[in-house]
Structure formats: structure tokens, C-alpha cells
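Novice: For reference, this is query.cif, and it has mmCIF, C-alpha atoms.
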```
data_model
loop_
_atom_site.label_atom_id
_atom_site.label_comp_id
_atom_site.auth_asym_id
_atom_site.auth_seq_id
_atom_site.Cartn_x
_atom_site.Cartn_y
_atom_site.Cartn_z
CA MET A 1 0.00 0.00 0.00
CA TYR A 2 2.73 2.46 0.95
CA LEU A 3 4.84 1.43 -2.00
CA GLU A 4 2.05 2.58 -4.31
CA LEU A 5 1.87 5.89 -2.42
CA TYR A 6 5.62 6.47 -2.70
CA GLY A 7 5.53 5.50 -6.35
CA THR A 8 2.70 7.95 -7.02
CA ILE A 9 4.53 10.81 -5.33
CA ALA A 10 7.82 10.01 -7.10
CA PHE A 11 6.05 9.69 -10.46
CA ASP A 12 4.24 13.00 -9.93
CA LEU A 13 7.41 14.84 -8.94
CA ALA A 14 9.41 13.42 -11.85
CA LEU A 15 6.69 14.28 -14.37
CA TYR A 16 6.23 17.74 -12.87
CA LEU A 17 9.93 18.45 -13.26
CA LEU A 18 9.85 17.15 -16.83
CA LEU A 19 6.68 19.12 -17.61
CA CYS A 20 8.15 22.34 -16.21
CA LEU A 21 11.18 21.91 -18.44
CA ILE A 22 9.44 20.77 -21.62
CA ALA A 23 5.98 22.38 -21.51
CA PRO A 24 5.83 25.26 -19.02
CA LYS A 25 2.82 26.76 -20.82
CA PHE A 26 0.80 23.63 -20.13
CA VAL A 27 1.43 23.93 -16.40
CA LYS A 28 0.23 27.54 -16.45
CA LYS A 29 -2.77 26.96 -18.73
CA ALA A 30 -4.02 23.66 -17.29
CA LYS A 31 -5.68 25.43 -14.38
CA ASP A 32 -7.48 27.80 -16.74
CA TYR A 33 -8.96 24.92 -18.75
CA VAL A 34 -10.53 23.37 -15.69
CA SER A 35 -11.72 26.63 -14.14
CA VAL A 36 -13.34 27.88 -17.36
CA HIS A 37 -14.31 24.62 -19.07
CA GLY A 38 -14.50 22.10 -16.22
CA LEU A 39 -17.50 20.07 -17.34
CA LEU A 40 -16.46 20.39 -20.97
CA ALA A 41 -13.09 18.87 -20.09
CA VAL A 42 -14.86 15.94 -18.38
CA ALA A 43 -17.17 15.48 -21.41
CA ILE A 44 -14.22 15.57 -23.81
CA GLY A 45 -12.42 13.07 -21.58
CA LEU A 46 -15.43 10.75 -21.77
CA ALA A 47 -15.62 11.06 -25.56
CA PHE A 48 -11.87 10.47 -25.90
CA THR A 49 -12.03 7.43 -23.62
CA ILE A 50 -14.81 5.84 -25.66
CA LEU A 51 -13.98 6.87 -29.23
CA VAL A 52 -10.20 6.52 -29.50
CA PRO A 53 -10.05 2.74 -28.84
CA ILE A 54 -12.93 2.16 -31.26
CA ILE A 55 -11.34 4.25 -34.01
CA ALA A 56 -7.90 2.71 -33.40
CA PHE A 57 -9.40 -0.80 -33.62
CA ILE A 58 -11.18 0.07 -36.88
CA PHE A 59 -7.93 1.46 -38.29
CA LEU A 60 -6.11 -1.72 -37.27
CA LEU A 61 -8.72 -3.85 -39.04
CA THR A 62 -8.38 -1.96 -42.31
CA GLY A 63 -4.70 -2.80 -42.66
CA VAL A 64 -3.99 0.35 -44.66
CA LEU A 65 -4.30 2.62 -41.64
CA ALA A 66 -2.79 0.13 -39.18
CA GLY A 67 0.17 2.42 -38.43
CA ILE A 68 -2.17 5.23 -37.45
CA GLY A 69 -4.19 2.80 -35.34
CA VAL A 70 -1.08 1.67 -33.46
CA PHE A 71 0.00 5.29 -32.95
CA MET A 72 -3.46 6.17 -31.61
CA ALA A 73 -3.30 3.23 -29.21
CA LEU A 74 0.13 4.35 -27.96
CA VAL A 75 -1.01 7.95 -27.43
CA TYR A 76 -4.13 6.64 -25.70
CA SER A 77 -2.06 4.53 -23.30
CA VAL A 78 0.24 7.47 -22.46
CA VAL A 79 -2.73 9.73 -21.76
CA LEU A 80 -4.24 7.03 -19.54
CA MET A 81 -1.02 6.82 -17.53
CA ILE A 82 -0.72 10.55 -16.83
CA ASN A 83 -4.34 11.56 -16.20
CA ALA A 84 -4.16 11.50 -12.37
CA PHE A 85 -0.92 13.45 -12.54
CA ILE A 86 -2.59 16.14 -14.66
CA VAL A 87 -5.36 16.54 -12.08
CA SER A 88 -2.71 16.77 -9.34
CA VAL A 89 -0.96 19.54 -11.28
CA VAL A 90 -4.24 21.42 -11.81
CA ALA A 91 -5.15 21.16 -8.11
CA ASN A 92 -1.59 22.19 -7.25
CA GLU A 93 -1.87 25.29 -9.43
CA PHE A 94 -5.20 26.25 -7.80
CA ILE A 95 -3.72 25.90 -4.31
CA ALA A 96 -0.51 27.73 -5.28
CA ASP A 97 -2.58 30.64 -6.63
CA LYS A 98 -4.58 30.84 -3.40
CA LEU A 99 -1.37 30.76 -1.33
CA LYS A 100 0.35 33.18 -3.78
CA ILE A 101 3.24 30.82 -4.52
CA ASP A 102 5.09 31.63 -7.74
CA ASP A 103 8.34 29.70 -7.33
CA LYS A 104 8.44 26.44 -9.32
CA PHE A 105 10.45 24.71 -6.59
CA LYS A 106 7.85 25.57 -3.95
CA LYS A 107 5.07 24.45 -6.30
CA GLY A 108 6.93 21.18 -6.75
CA LEU A 109 7.10 20.74 -2.98
CA LEU A 110 3.40 21.59 -2.72
CA LEU A 111 2.70 18.82 -5.24
CA VAL A 112 3.67 16.20 -2.64
CA PRO A 113 0.75 16.84 -0.24
CA VAL A 114 -1.62 17.44 -3.14
CA SER A 115 -0.70 14.05 -4.64
CA LEU A 116 -1.01 12.47 -1.20
CA VAL A 117 -4.53 13.86 -0.69
CA LEU A 118 -5.64 12.86 -4.19
CA TRP A 119 -4.23 9.37 -3.68
CA ALA A 120 -6.02 9.07 -0.31
CA LEU A 121 -9.33 10.31 -1.76
CA ARG A 122 -9.16 7.69 -4.48
CA LYS A 123 -8.69 4.95 -1.85
CA ILE A 124 -11.91 5.72 0.07
CA PRO A 125 -14.36 2.81 -0.31
CA PHE A 126 -17.31 3.48 -2.68
CA ILE A 127 -16.65 7.23 -3.00
CA GLY A 128 -13.08 6.63 -4.15
CA GLY A 129 -14.32 4.86 -7.28
CA ILE A 130 -16.45 7.84 -8.25
CA ILE A 131 -13.56 10.19 -7.51
CA SER A 132 -11.23 8.01 -9.60
CA ILE A 133 -13.60 8.12 -12.56
CA PHE A 134 -13.94 11.90 -12.31
CA VAL A 135 -10.15 12.32 -11.97
CA PHE A 136 -9.64 10.05 -14.96
CA LEU A 137 -12.10 11.91 -17.19
CA ALA A 138 -10.93 15.36 -16.08
CA GLY A 139 -7.26 14.50 -16.67
CA VAL A 140 -7.90 13.12 -20.14
CA GLY A 141 -10.15 16.09 -20.95
CA VAL A 142 -7.53 18.64 -19.89
CA VAL A 143 -4.91 17.03 -22.13
CA CYS A 144 -7.30 16.93 -25.12
CA THR A 145 -8.52 20.50 -24.53
CA TYR A 146 -4.96 21.79 -24.29
CA GLN A 147 -4.01 20.11 -27.56
CA TYR A 148 -7.09 21.53 -29.28
CA ASP A 149 -6.42 25.07 -28.03
CA LYS A 150 -2.73 24.78 -28.93
CA ARG A 151 -3.64 23.93 -32.52
CA LYS A 152 -6.22 26.72 -32.64
CA GLU A 153 -3.59 29.29 -31.58
CA ALA A 154 -1.10 28.17 -34.26
#
```
Mind converting the file's structure to C-alpha cells?
Specialist:
Amino acid sequence: MYLELYGTIAFDLALYLLLCLIAPKFVKKAKDYVSVHGLLAVAIGLAFTILVPIIAFIFLLTGVLAGIGVFMALVYSVVLMINAFIVSVVANEFIADKLKIDDKFKKGLLLVPVSLVLWALRKIPFIGGIISIFVFLAGVGVVCTYQYDKRKEA
């Protein structure tokens, strides 16, 4: 049980460091997507969760588009792995704004208790399943919404 907790915190910290180096705009904008388009992000996450595996499977069956189908499946699996982390980052940004923390190092340290609380909430019997589903859909929706807005700006 504690090994999973330590793994979650280490994974979140490592990805946060990587995200701050590679995509600092995402860290800043992720909070805005949830605060402005919260339910839309959840709805997009639901659509992504249902449609991408179906479309990837259809592409794999055609043979001609099998490469695209495999790529879609790989992107889908990566998004599934990082969705809880994305929600931790969004919650971390909300809390950091309320506490007026601007330093990336302090935000990284704040990510530890935020990840701990999110992990604990997901472990509550009965309610934890509902929270896990919401976290899953919100995380996937934030990633999809960010990609859509990034393409719209370009």
C-alpha cells in the first residue's frame, strides 16, 4: 500500500519536473482549462475514452491505416497513464494561486501533499471509485482540450 503511495509521489514529482522543463505553458494553462471549461473537459475526456479505442481498432482492421491505429493506441495509453498526474498539477496550481506561490520549486514541494490527498481520496471505499472516474475523465479532458487550443492558436 505504501509502496504505491511512494511510487505515485515520485512519479508526480518526476513528471512535474519534466513538464516544467518541456511544456511550461501547459502547467500555467491547465488550471485555466478546468476553471473555465471544467465540465467540458470531463465530457471531452469521456468522448476520448470511448472513441479513440474504437477508431484505433477500426484502423487496425483496415490494414492500410494500421500504423495510425497503433499510434493512436500508444497515445491513448500514455494519456491514460498521466491523467491523475494532470489533475494533481491542476489542483496544485489552484492551491498555489490561493497561497500566492510563484516559485516552481515551492510548487513542486506543494505537489507532494496534493498528490497524497488525491491518492487518499481515491482509496476511500465506494466514494473513491467515483472520484477516480472523475479524476480520470478530467485528466484526459484537460490534455485533449490543451491540444485543441494549442492547434487553434497556431
Novice: So, counting only C-alpha atoms, which residue among A:Tyr146, A:Phe126, A:Phe85, A:Phe134 is closest to Gly7 of chain A?
Specialist: A:Phe85
Novice: What gap, in Å, lies between atom CA of Ser77 of chain A and atom CA of Ala56 of chain A?
Specialist: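 Distance reported for this atom pair: 11.8 Å.
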Novice: Selected by the PyMOL selection byres ((chain A and resi 33) around 12) in the shown coordinates: which residues, as a ChimeraX atom specification?
Specialist: /A:26-32,34-42,44,86-87,90-91,93-94,138-150
Novice: Pick out the residues sitting within 12 Å of Val70 of chain A, and hand them over as a list in words; count only C-alpha atoms, and ignore anything fewer than 4 positions along from it in its own chain.
Specialist: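 The contact residues come out as Val52, Pro53, Ile55, Ala56, Phe57, Ile58, Phe59, Leu60, Leu61, Gly63, Val64, Leu65, Ala66, Leu74, Val75, Tyr76 and Ser77 of chain A.
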Novice: Env of Lys107 of chain A: 10 Å cut, atoms = only C-alpha atoms, seq-sep filter 2 positions within chain, self excluded. Answer as a short mmCIF file (atom, residue, chain, number, x, y, z; two decimals) with C-alpha atoms, in the frame of the given file.
Specialist:
```cif
data_model
loop_
_atom_site.label_atom_id
_atom_site.label_comp_id
_atom_site.auth_asym_id
_atom_site.auth_seq_id
_atom_site.Cartn_x
_atom_site.Cartn_y
_atom_site.Cartn_z
CA TYR A 16 6.23 17.74 -12.87
CA VAL A 89 -0.96 19.54 -11.28
CA ASN A 92 -1.59 22.19 -7.25
CA GLU A 93 -1.87 25.29 -9.43
CA ILE A 95 -3.72 25.90 -4.31
CA ALA A 96 -0.51 27.73 -5.28
CA ASP A 97 -2.58 30.64 -6.63
CA ILE A 101 3.24 30.82 -4.52
CA ASP A 102 5.09 31.63 -7.74
CA ASP A 103 8.34 29.70 -7.33
CA LYS A 104 8.44 26.44 -9.32
CA PHE A 105 10.45 24.71 -6.59
CA LEU A 109 7.10 20.74 -2.98
CA LEU A 110 3.40 21.59 -2.72
CA LEU A 111 2.70 18.82 -5.24
CA VAL A 112 3.67 16.20 -2.64
#
```
Novice: Mind telling me what the PyMOL selection byres ((chain A and resi 2-5) around 9) catches here, as a ChimeraX atom specification?
Specialist: /A:1,6-10,115-116,119-120
Novice: Work out how far atom CA of Gly108 of chain A is from atom CA of Ile124 of chain A, in Å to one decimal.
Specialist: 25.3 Å
Novice: Name the closest residue to Asn83 of chain A among the candidates A:Leu13, A:Ile22, A:Leu118, A:Val135; distances are taken between atoms, counting all atoms listed in the file.
Specialist: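 Nearest candidate to Asn83 of chain A out of A:Leu13, A:Ile22, A:Leu118, A:Val135: A:Val135.
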Novice: Mind giving me the straight-line distance from atom CA of Lys106 of chain A to atom CA of Ile131 of chain A in Å, one decimal?
Specialist: 26.6 Å
Novice: Nearest to Ala73 of chain A among A:Lys100, A:Ile54, A:Ala14, A:Leu137, with distances taken over all atoms listed in the file: which residue is it?
Specialist: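 Of all the options, A:Ile54 lies closest to Ala73 of chain A.
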Novice: Just segment 98-135 of chain A, please, as a PDB file, in the first residue's frame (only C-alpha atoms).
Specialist:
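Just written: out-v8.pdb:
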```pdb
ATOM      1  CA  LYS A  98      -4.577  30.836  -3.404  1.00  0.00           C
ATOM      2  CA  LEU A  99      -1.370  30.758  -1.334  1.00  0.00           C
ATOM      3  CA  LYS A 100       0.347  33.179  -3.778  1.00  0.00           C
ATOM      4  CA  ILE A 101       3.235  30.817  -4.518  1.00  0.00           C
ATOM      5  CA  ASP A 102       5.087  31.634  -7.742  1.00  0.00           C
ATOM      6  CA  ASP A 103       8.339  29.703  -7.326  1.00  0.00           C
ATOM      7  CA  LYS A 104       8.445  26.442  -9.319  1.00  0.00           C
ATOM      8  CA  PHE A 105      10.451  24.714  -6.594  1.00  0.00           C
ATOM      9  CA  LYS A 106       7.847  25.571  -3.953  1.00  0.00           C
ATOM     10  CA  LYS A 107       5.074  24.449  -6.301  1.00  0.00           C
ATOM     11  CA  GLY A 108       6.934  21.178  -6.746  1.00  0.00           C
ATOM     12  CA  LEU A 109       7.099  20.735  -2.976  1.00  0.00           C
ATOM     13  CA  LEU A 110       3.396  21.586  -2.722  1.00  0.00           C
ATOM     14  CA  LEU A 111       2.704  18.823  -5.240  1.00  0.00           C
ATOM     15  CA  VAL A 112       3.667  16.198  -2.640  1.00  0.00           C
ATOM     16  CA  PRO A 113       0.749  16.836  -0.239  1.00  0.00           C
ATOM     17  CA  VAL A 114      -1.625  17.439  -3.142  1.00  0.00           C
ATOM     18  CA  SER A 115      -0.699  14.051  -4.638  1.00  0.00           C
ATOM     19  CA  LEU A 116      -1.015  12.467  -1.202  1.00  0.00           C
ATOM     20  CA  VAL A 117      -4.532  13.862  -0.690  1.00  0.00           C
ATOM     21  CA  LEU A 118      -5.635  12.865  -4.193  1.00  0.00           C
ATOM     22  CA  TRP A 119      -4.233   9.369  -3.680  1.00  0.00           C
ATOM     23  CA  ALA A 120      -6.020   9.075  -0.313  1.00  0.00           C
ATOM     24  CA  LEU A 121      -9.326  10.309  -1.756  1.00  0.00           C
ATOM     25  CA  ARG A 122      -9.158   7.687  -4.480  1.00  0.00           C
ATOM     26  CA  LYS A 123      -8.685   4.952  -1.850  1.00  0.00           C
ATOM     27  CA  ILE A 124     -11.914   5.716   0.070  1.00  0.00           C
ATOM     28  CA  PRO A 125     -14.365   2.806  -0.314  1.00  0.00           C
ATOM     29  CA  PHE A 126     -17.309   3.478  -2.678  1.00  0.00           C
ATOM     30  CA  ILE A 127     -16.653   7.228  -3.000  1.00  0.00           C
ATOM     31  CA  GLY A 128     -13.085   6.626  -4.152  1.00  0.00           C
ATOM     32  CA  GLY A 129     -14.324   4.859  -7.282  1.00  0.00           C
ATOM     33  CA  ILE A 130     -16.451   7.842  -8.252  1.00  0.00           C
ATOM     34  CA  ILE A 131     -13.557  10.194  -7.515  1.00  0.00           C
ATOM     35  CA  SER A 132     -11.231   8.008  -9.595  1.00  0.00           C
ATOM     36  CA  ILE A 133     -13.601   8.122 -12.562  1.00  0.00           C
ATOM     37  CA  PHE A 134     -13.935  11.902 -12.312  1.00  0.00           C
ATOM     38  CA  VAL A 135     -10.151  12.316 -11.970  1.00  0.00           C
TER      39      VAL A 135
END
```
